[in-house]
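Novice: Dumping the structure here so I can ask a few things about it.
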Amino acid sequence: MTKPYVYITRKLPDDVVDSFREKLNINMWDSAEESVPYKKLLEESKKAEGLVTMLSDPIDETILSQTDTLKVVANLAVGFDNIDIESAKKHRITVTNTPDVLTDTTADLTFALLMTTARRILEAADMVKKGEWEHWSPLLLAGSDIHHKTIGIVGMGRIGEVVAKRARGFDMNVIYHNRTRKQKAEEELGLNYVSFDQLISSADFVVSLVPLTDETHHLFNANVFSHMKDEAIFINASRGKVMDEMALYEAVKSGEIRGAGLDVFEDEPISADHPLLTLKEVTCLPHIGSASLETRYQMMELSLNNILQVLEGNGPMTAVD
Ligand SMILES: NC(=O)C1=CN([C@@H]2O[C@H](COP(=O)(O)OP(=O)(O)OC[C@H]3O[C@@H](n4cnc5c(N)ncnc54)[C@H](O)[C@@H]3O)[C@@H](O)[C@H]2O)C=CC1
Ligand SMILES: O=C(O)C(=O)CO
């Protein structure tokens, strides 16, 4: 029997991919770093039954409508804003993502970003390495406390809940806003549900963990930043486009808020001359929320298992709703 053809849009480690070769005829883009060109993606999607895609690949109506072979797209991410879900539904192509396996790892990074920004860790480490540490002094690199402060989490989903758990371990007061109330998490973790406006005006740390949708695009804008506390720190570990970057830049520069910790940007990679990168109060990371070796391997295995399950007619393990 011929094996179904599957295309992976980035070079993944052989030790993961090889174990699937017995059942799948797998081909990969030849770079681990560079995205597959759109033309090549379109060409491959016309002959593949399964695609493993990256969050940087636009899986749009053109790709989804021009294929007679494609049955399943497995996105190597929990976020799926790069995929036209309506179009996939219309063309009866299953879309899967990688929930759960990355939750703890992304929550760790989100909390690390909060701590790094609040305690000015990058500025401090830089000072030492550059030989610029001359004295101990009473207010040298004094930052903001974390313990006993209020963290406001917007998007109390899988990752939001684990960030809340981390925060409770630091004796923080946790408030949240979500599309729906999470009674169980409220009871188990001692969380308080508040309106978006209440959260924005009362949190010391405002953390975005909402998916990017039409509704959340630029949710964090100039008006919202102007209602935050002067000492507020904004953390974005979800998607860049949920914030208006230039409005954030102005808010930090003018002292409307104290700082920001960002793992994601409106355009990735952010350009080296972007104004946000000039602010010492802003910590910027290259979208590494789920980037531990253990988790990335689990994400790759889950994506390939999703493809295999769908192509063997068993139904996906983690389909996007
Ligand atoms: N920085 C990184 O590397 C990573 C980023 N992410 C991002 O984090 C997001 C969240 O992931 P999970 O927690 O697994 O997703 P999830 O679906 O479990 O949680 C999202 C929560 O946001 C809520 N929500 C959606 N729209 C809302 C709105 N307009 N207002 C208020 N709440 C709203 C949902 O009800 C849900 O509870 C992903 O969509 C992805 O964009 C995820 C993993 C790694
Ligand atoms: O899973 C996601 O949505 C990411 O951003 C990377 O893990």
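Identifiers for the structure tokens are assigned positionally: chains receive A, B, ... in sequence, residues are indexed from 1 per chain, and ligands are indexed from 1 in the order shown.
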Give one line per residue of chain A that approaches ligand 2 to at most 10 Å, naming the two atoms of the closest pair and their distance in Å to one decimal, counting only C-alpha atoms and all ligand atoms; sort by chain then ascending residue number and deliver it as JSON lines.

Specialist:
{"residue": "A:Met54", "atom": "CA", "partner": "ligand 2", "partner_atom_place_in_ligand_line": "6 (C)", "distance": 8.8}
{"residue": "A:Leu55", "atom": "CA", "partner": "ligand 2", "partner_atom_place_in_ligand_line": "5 (O)", "distance": 6.9}
{"residue": "A:Ser56", "atom": "CA", "partner": "ligand 2", "partner_atom_place_in_ligand_line": "5 (O)", "distance": 9.6}
{"residue": "A:Asn75", "atom": "CA", "partner": "ligand 2", "partner_atom_place_in_ligand_line": "1 (O)", "distance": 8.5}
{"residue": "A:Leu76", "atom": "CA", "partner": "ligand 2", "partner_atom_place_in_ligand_line": "1 (O)", "distance": 6.7}
{"residue": "A:Ala77", "atom": "CA", "partner": "ligand 2", "partner_atom_place_in_ligand_line": "1 (O)", "distance": 3.2}
{"residue": "A:Val78", "atom": "CA", "partner": "ligand 2", "partner_atom_place_in_ligand_line": "1 (O)", "distance": 3.8}
{"residue": "A:Gly79", "atom": "CA", "partner": "ligand 2", "partner_atom_place_in_ligand_line": "3 (O)", "distance": 3.5}
{"residue": "A:Phe80", "atom": "CA", "partner": "ligand 2", "partner_atom_place_in_ligand_line": "3 (O)", "distance": 6.8}
{"residue": "A:Asp81", "atom": "CA", "partner": "ligand 2", "partner_atom_place_in_ligand_line": "3 (O)", "distance": 8.6}
{"residue": "A:Asn82", "atom": "CA", "partner": "ligand 2", "partner_atom_place_in_ligand_line": "3 (O)", "distance": 9.9}
{"residue": "A:Asn97", "atom": "CA", "partner": "ligand 2", "partner_atom_place_in_ligand_line": "1 (O)", "distance": 7.9}
{"residue": "A:Thr98", "atom": "CA", "partner": "ligand 2", "partner_atom_place_in_ligand_line": "1 (O)", "distance": 6.6}
{"residue": "A:Pro99", "atom": "CA", "partner": "ligand 2", "partner_atom_place_in_ligand_line": "1 (O)", "distance": 7.5}
{"residue": "A:Asp100", "atom": "CA", "partner": "ligand 2", "partner_atom_place_in_ligand_line": "1 (O)", "distance": 9.7}
{"residue": "A:Val101", "atom": "CA", "partner": "ligand 2", "partner_atom_place_in_ligand_line": "1 (O)", "distance": 9.5}
{"residue": "A:Leu102", "atom": "CA", "partner": "ligand 2", "partner_atom_place_in_ligand_line": "7 (O)", "distance": 6.8}
{"residue": "A:Thr103", "atom": "CA", "partner": "ligand 2", "partner_atom_place_in_ligand_line": "1 (O)", "distance": 8.8}
{"residue": "A:Thr105", "atom": "CA", "partner": "ligand 2", "partner_atom_place_in_ligand_line": "7 (O)", "distance": 9.2}
{"residue": "A:Thr106", "atom": "CA", "partner": "ligand 2", "partner_atom_place_in_ligand_line": "7 (O)", "distance": 7.5}
{"residue": "A:Pro211", "atom": "CA", "partner": "ligand 2", "partner_atom_place_in_ligand_line": "3 (O)", "distance": 8.3}
{"residue": "A:Leu212", "atom": "CA", "partner": "ligand 2", "partner_atom_place_in_ligand_line": "3 (O)", "distance": 9.7}
{"residue": "A:Ala237", "atom": "CA", "partner": "ligand 2", "partner_atom_place_in_ligand_line": "5 (O)", "distance": 8.1}
{"residue": "A:Ser238", "atom": "CA", "partner": "ligand 2", "partner_atom_place_in_ligand_line": "5 (O)", "distance": 6.7}
{"residue": "A:Arg239", "atom": "CA", "partner": "ligand 2", "partner_atom_place_in_ligand_line": "5 (O)", "distance": 7.2}
{"residue": "A:Asp263", "atom": "CA", "partner": "ligand 2", "partner_atom_place_in_ligand_line": "5 (O)", "distance": 9.1}
{"residue": "A:Val264", "atom": "CA", "partner": "ligand 2", "partner_atom_place_in_ligand_line": "5 (O)", "distance": 8.1}
{"residue": "A:His287", "atom": "CA", "partner": "ligand 2", "partner_atom_place_in_ligand_line": "5 (O)", "distance": 6.8}
{"residue": "A:Ile288", "atom": "CA", "partner": "ligand 2", "partner_atom_place_in_ligand_line": "6 (C)", "distance": 7.0}
{"residue": "A:Gly289", "atom": "CA", "partner": "ligand 2", "partner_atom_place_in_ligand_line": "7 (O)", "distance": 6.0}
{"residue": "A:Ser290", "atom": "CA", "partner": "ligand 2", "partner_atom_place_in_ligand_line": "7 (O)", "distance": 4.5}
{"residue": "A:Ala291", "atom": "CA", "partner": "ligand 2", "partner_atom_place_in_ligand_line": "7 (O)", "distance": 7.0}
{"residue": "A:Ser292", "atom": "CA", "partner": "ligand 2", "partner_atom_place_in_ligand_line": "7 (O)", "distance": 9.9}
{"residue": "A:Thr295", "atom": "CA", "partner": "ligand 2", "partner_atom_place_in_ligand_line": "7 (O)", "distance": 8.9}
{"residue": "A:Arg296", "atom": "CA", "partner": "ligand 2", "partner_atom_place_in_ligand_line": "7 (O)", "distance": 8.0}
{"residue": "A:Met299", "atom": "CA", "partner": "ligand 2", "partner_atom_place_in_ligand_line": "7 (O)", "distance": 8.3}

Novice: List every residue of region 84-258 of chain A that DSSP, applied to the backbone, labels as strand (DSSP E or B), and write the result as a ChimeraX atom specification.

Specialist: /A:94-96,150-154,173-177,192-193,205-208,220,233-236,243

Novice: What does the file look like for those residues with N, CA and C atoms, as a PDB file, in the first residue's frame?

Specialist:
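Ended up saving to out.pdb:
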ATOM      1  N   THR A  94      -9.269  19.036   8.141  1.00  0.00           N
ATOM      2  CA  THR A  94      -9.147  19.065   9.603  1.00  0.00           C
ATOM      3  C   THR A  94      -7.936  19.912   9.992  1.00  0.00           C
ATOM      4  N   VAL A  95      -8.112  20.731  11.020  1.00  0.00           N
ATOM      5  CA  VAL A  95      -6.983  21.505  11.549  1.00  0.00           C
ATOM      6  C   VAL A  95      -6.742  21.057  12.992  1.00  0.00           C
ATOM      7  N   THR A  96      -5.472  20.792  13.317  1.00  0.00           N
ATOM      8  CA  THR A  96      -5.146  20.416  14.699  1.00  0.00           C
ATOM      9  C   THR A  96      -4.103  21.388  15.246  1.00  0.00           C
ATOM     10  N   THR A 150      -0.801  42.806  42.714  1.00  0.00           N
ATOM     11  CA  THR A 150      -1.966  42.272  41.989  1.00  0.00           C
ATOM     12  C   THR A 150      -1.596  41.979  40.545  1.00  0.00           C
ATOM     13  N   ILE A 151      -1.839  40.725  40.146  1.00  0.00           N
ATOM     14  CA  ILE A 151      -1.637  40.349  38.740  1.00  0.00           C
ATOM     15  C   ILE A 151      -3.025  40.221  38.107  1.00  0.00           C
ATOM     16  N   GLY A 152      -3.197  40.814  36.934  1.00  0.00           N
ATOM     17  CA  GLY A 152      -4.472  40.739  36.217  1.00  0.00           C
ATOM     18  C   GLY A 152      -4.256  39.948  34.941  1.00  0.00           C
ATOM     19  N   ILE A 153      -4.888  38.793  34.855  1.00  0.00           N
ATOM     20  CA  ILE A 153      -4.674  37.928  33.681  1.00  0.00           C
ATOM     21  C   ILE A 153      -5.871  38.056  32.736  1.00  0.00           C
ATOM     22  N   VAL A 154      -5.602  38.466  31.510  1.00  0.00           N
ATOM     23  CA  VAL A 154      -6.663  38.583  30.504  1.00  0.00           C
ATOM     24  C   VAL A 154      -6.555  37.342  29.617  1.00  0.00           C
ATOM     25  N   ASN A 173      -2.027  38.649  44.604  1.00  0.00           N
ATOM     26  CA  ASN A 173      -3.481  38.699  44.495  1.00  0.00           C
ATOM     27  C   ASN A 173      -3.800  38.518  43.005  1.00  0.00           C
ATOM     28  N   VAL A 174      -4.615  37.526  42.673  1.00  0.00           N
ATOM     29  CA  VAL A 174      -4.859  37.263  41.244  1.00  0.00           C
ATOM     30  C   VAL A 174      -6.278  37.657  40.843  1.00  0.00           C
ATOM     31  N   ILE A 175      -6.376  38.583  39.899  1.00  0.00           N
ATOM     32  CA  ILE A 175      -7.673  38.912  39.305  1.00  0.00           C
ATOM     33  C   ILE A 175      -7.608  38.511  37.836  1.00  0.00           C
ATOM     34  N   TYR A 176      -8.761  38.262  37.238  1.00  0.00           N
ATOM     35  CA  TYR A 176      -8.726  37.846  35.842  1.00  0.00           C
ATOM     36  C   TYR A 176      -9.962  38.329  35.101  1.00  0.00           C
ATOM     37  N   HIS A 177      -9.800  38.377  33.784  1.00  0.00           N
ATOM     38  CA  HIS A 177     -10.947  38.620  32.912  1.00  0.00           C
ATOM     39  C   HIS A 177     -10.896  37.569  31.812  1.00  0.00           C
ATOM     40  N   ASN A 192     -10.122  36.135  41.530  1.00  0.00           N
ATOM     41  CA  ASN A 192     -11.296  37.002  41.488  1.00  0.00           C
ATOM     42  C   ASN A 192     -11.569  37.465  40.072  1.00  0.00           C
ATOM     43  N   TYR A 193     -12.818  37.238  39.633  1.00  0.00           N
ATOM     44  CA  TYR A 193     -13.216  37.669  38.292  1.00  0.00           C
ATOM     45  C   TYR A 193     -13.571  39.156  38.327  1.00  0.00           C
ATOM     46  N   PHE A 205       0.360  44.140  37.432  1.00  0.00           N
ATOM     47  CA  PHE A 205       0.873  43.435  36.250  1.00  0.00           C
ATOM     48  C   PHE A 205      -0.324  43.027  35.412  1.00  0.00           C
ATOM     49  N   VAL A 206      -0.370  43.479  34.177  1.00  0.00           N
ATOM     50  CA  VAL A 206      -1.460  43.109  33.266  1.00  0.00           C
ATOM     51  C   VAL A 206      -0.872  42.101  32.283  1.00  0.00           C
ATOM     52  N   VAL A 207      -1.413  40.888  32.287  1.00  0.00           N
ATOM     53  CA  VAL A 207      -0.821  39.811  31.488  1.00  0.00           C
ATOM     54  C   VAL A 207      -1.791  39.361  30.397  1.00  0.00           C
ATOM     55  N   SER A 208      -1.355  39.427  29.153  1.00  0.00           N
ATOM     56  CA  SER A 208      -2.212  38.978  28.049  1.00  0.00           C
ATOM     57  C   SER A 208      -1.953  37.509  27.715  1.00  0.00           C
ATOM     58  N   PHE A 220      -5.215  45.816  23.522  1.00  0.00           N
ATOM     59  CA  PHE A 220      -4.391  46.672  24.377  1.00  0.00           C
ATOM     60  C   PHE A 220      -3.911  47.853  23.522  1.00  0.00           C
ATOM     61  N   ILE A 233       3.011  47.115  34.878  1.00  0.00           N
ATOM     62  CA  ILE A 233       3.878  46.462  33.895  1.00  0.00           C
ATOM     63  C   ILE A 233       2.998  45.557  33.034  1.00  0.00           C
ATOM     64  N   PHE A 234       3.117  45.722  31.711  1.00  0.00           N
ATOM     65  CA  PHE A 234       2.295  44.944  30.768  1.00  0.00           C
ATOM     66  C   PHE A 234       3.122  43.773  30.253  1.00  0.00           C
ATOM     67  N   ILE A 235       2.548  42.581  30.327  1.00  0.00           N
ATOM     68  CA  ILE A 235       3.236  41.372  29.843  1.00  0.00           C
ATOM     69  C   ILE A 235       2.416  40.767  28.708  1.00  0.00           C
ATOM     70  N   ASN A 236       3.045  40.546  27.584  1.00  0.00           N
ATOM     71  CA  ASN A 236       2.334  39.904  26.468  1.00  0.00           C
ATOM     72  C   ASN A 236       3.064  38.632  26.058  1.00  0.00           C
ATOM     73  N   MET A 243      -1.811  43.734  20.811  1.00  0.00           N
ATOM     74  CA  MET A 243      -1.419  45.060  21.336  1.00  0.00           C
ATOM     75  C   MET A 243      -1.068  45.992  20.176  1.00  0.00           C
TER      76      MET A 243
END

Novice: Give the answer as one residue: which of A:Leu191, A:Ile26, A:Leu12, A:Ala74 has the shortest atom-to-atom distance to Asn306 (chain A), using only C-alpha atoms?

Specialist: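 Selected residue with least distance to Asn306 (chain A): A:Ala74.
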
Novice: I want to know what sits within 9 Å of Thr213 (chain A), based on only C-alpha atoms, with residues of the same chain fewer than 3 positions away left out; could you give that as an mmCIF file with C-alpha atoms, in the first residue's frame?

Specialist:
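Okay, part-v3.cif is ready:
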data_model
loop_
_atom_site.group_PDB
_atom_site.id
_atom_site.type_symbol
_atom_site.label_atom_id
_atom_site.label_comp_id
_atom_site.auth_asym_id
_atom_site.auth_seq_id
_atom_site.Cartn_x
_atom_site.Cartn_y
_atom_site.Cartn_z
ATOM 1 C CA ASP A 81 -4.465 32.570 13.986
ATOM 2 C CA VAL A 210 -5.842 35.755 24.976
ATOM 3 C CA THR A 216 -8.767 40.799 20.514
ATOM 4 C CA HIS A 217 -6.882 42.598 17.722
ATOM 5 C CA VAL A 242 -3.383 41.888 20.498
#

Novice: For the atom pair CA of Thr67 (chain A) and CA of Glu268 (chain A), what is the interatomic distance in Å to one decimal place?

Specialist: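 If I compute the distance from CA of Thr67 (chain A) to CA of Glu268 (chain A), I get 27.9 Å.
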
Novice: Name the residues of region 163-310 of chain A that fall into helix (DSSP H, G or I) according to DSSP on the backbone, using the chain letters and numbers of this document, as a PyMOL selection string.

Specialist: chain A and resi 163-169+183-189+196-202+222-226+240-242+245-253+275-278+293-310

Novice: Enter the distance from CA of Ala203 (chain A) to CA of Asp230 (chain A), in Å, rounded to one decimal.

Specialist: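 Taking CA of Ala203 (chain A) as the start and CA of Asp230 (chain A) as the end point, the length is 10.6 Å.
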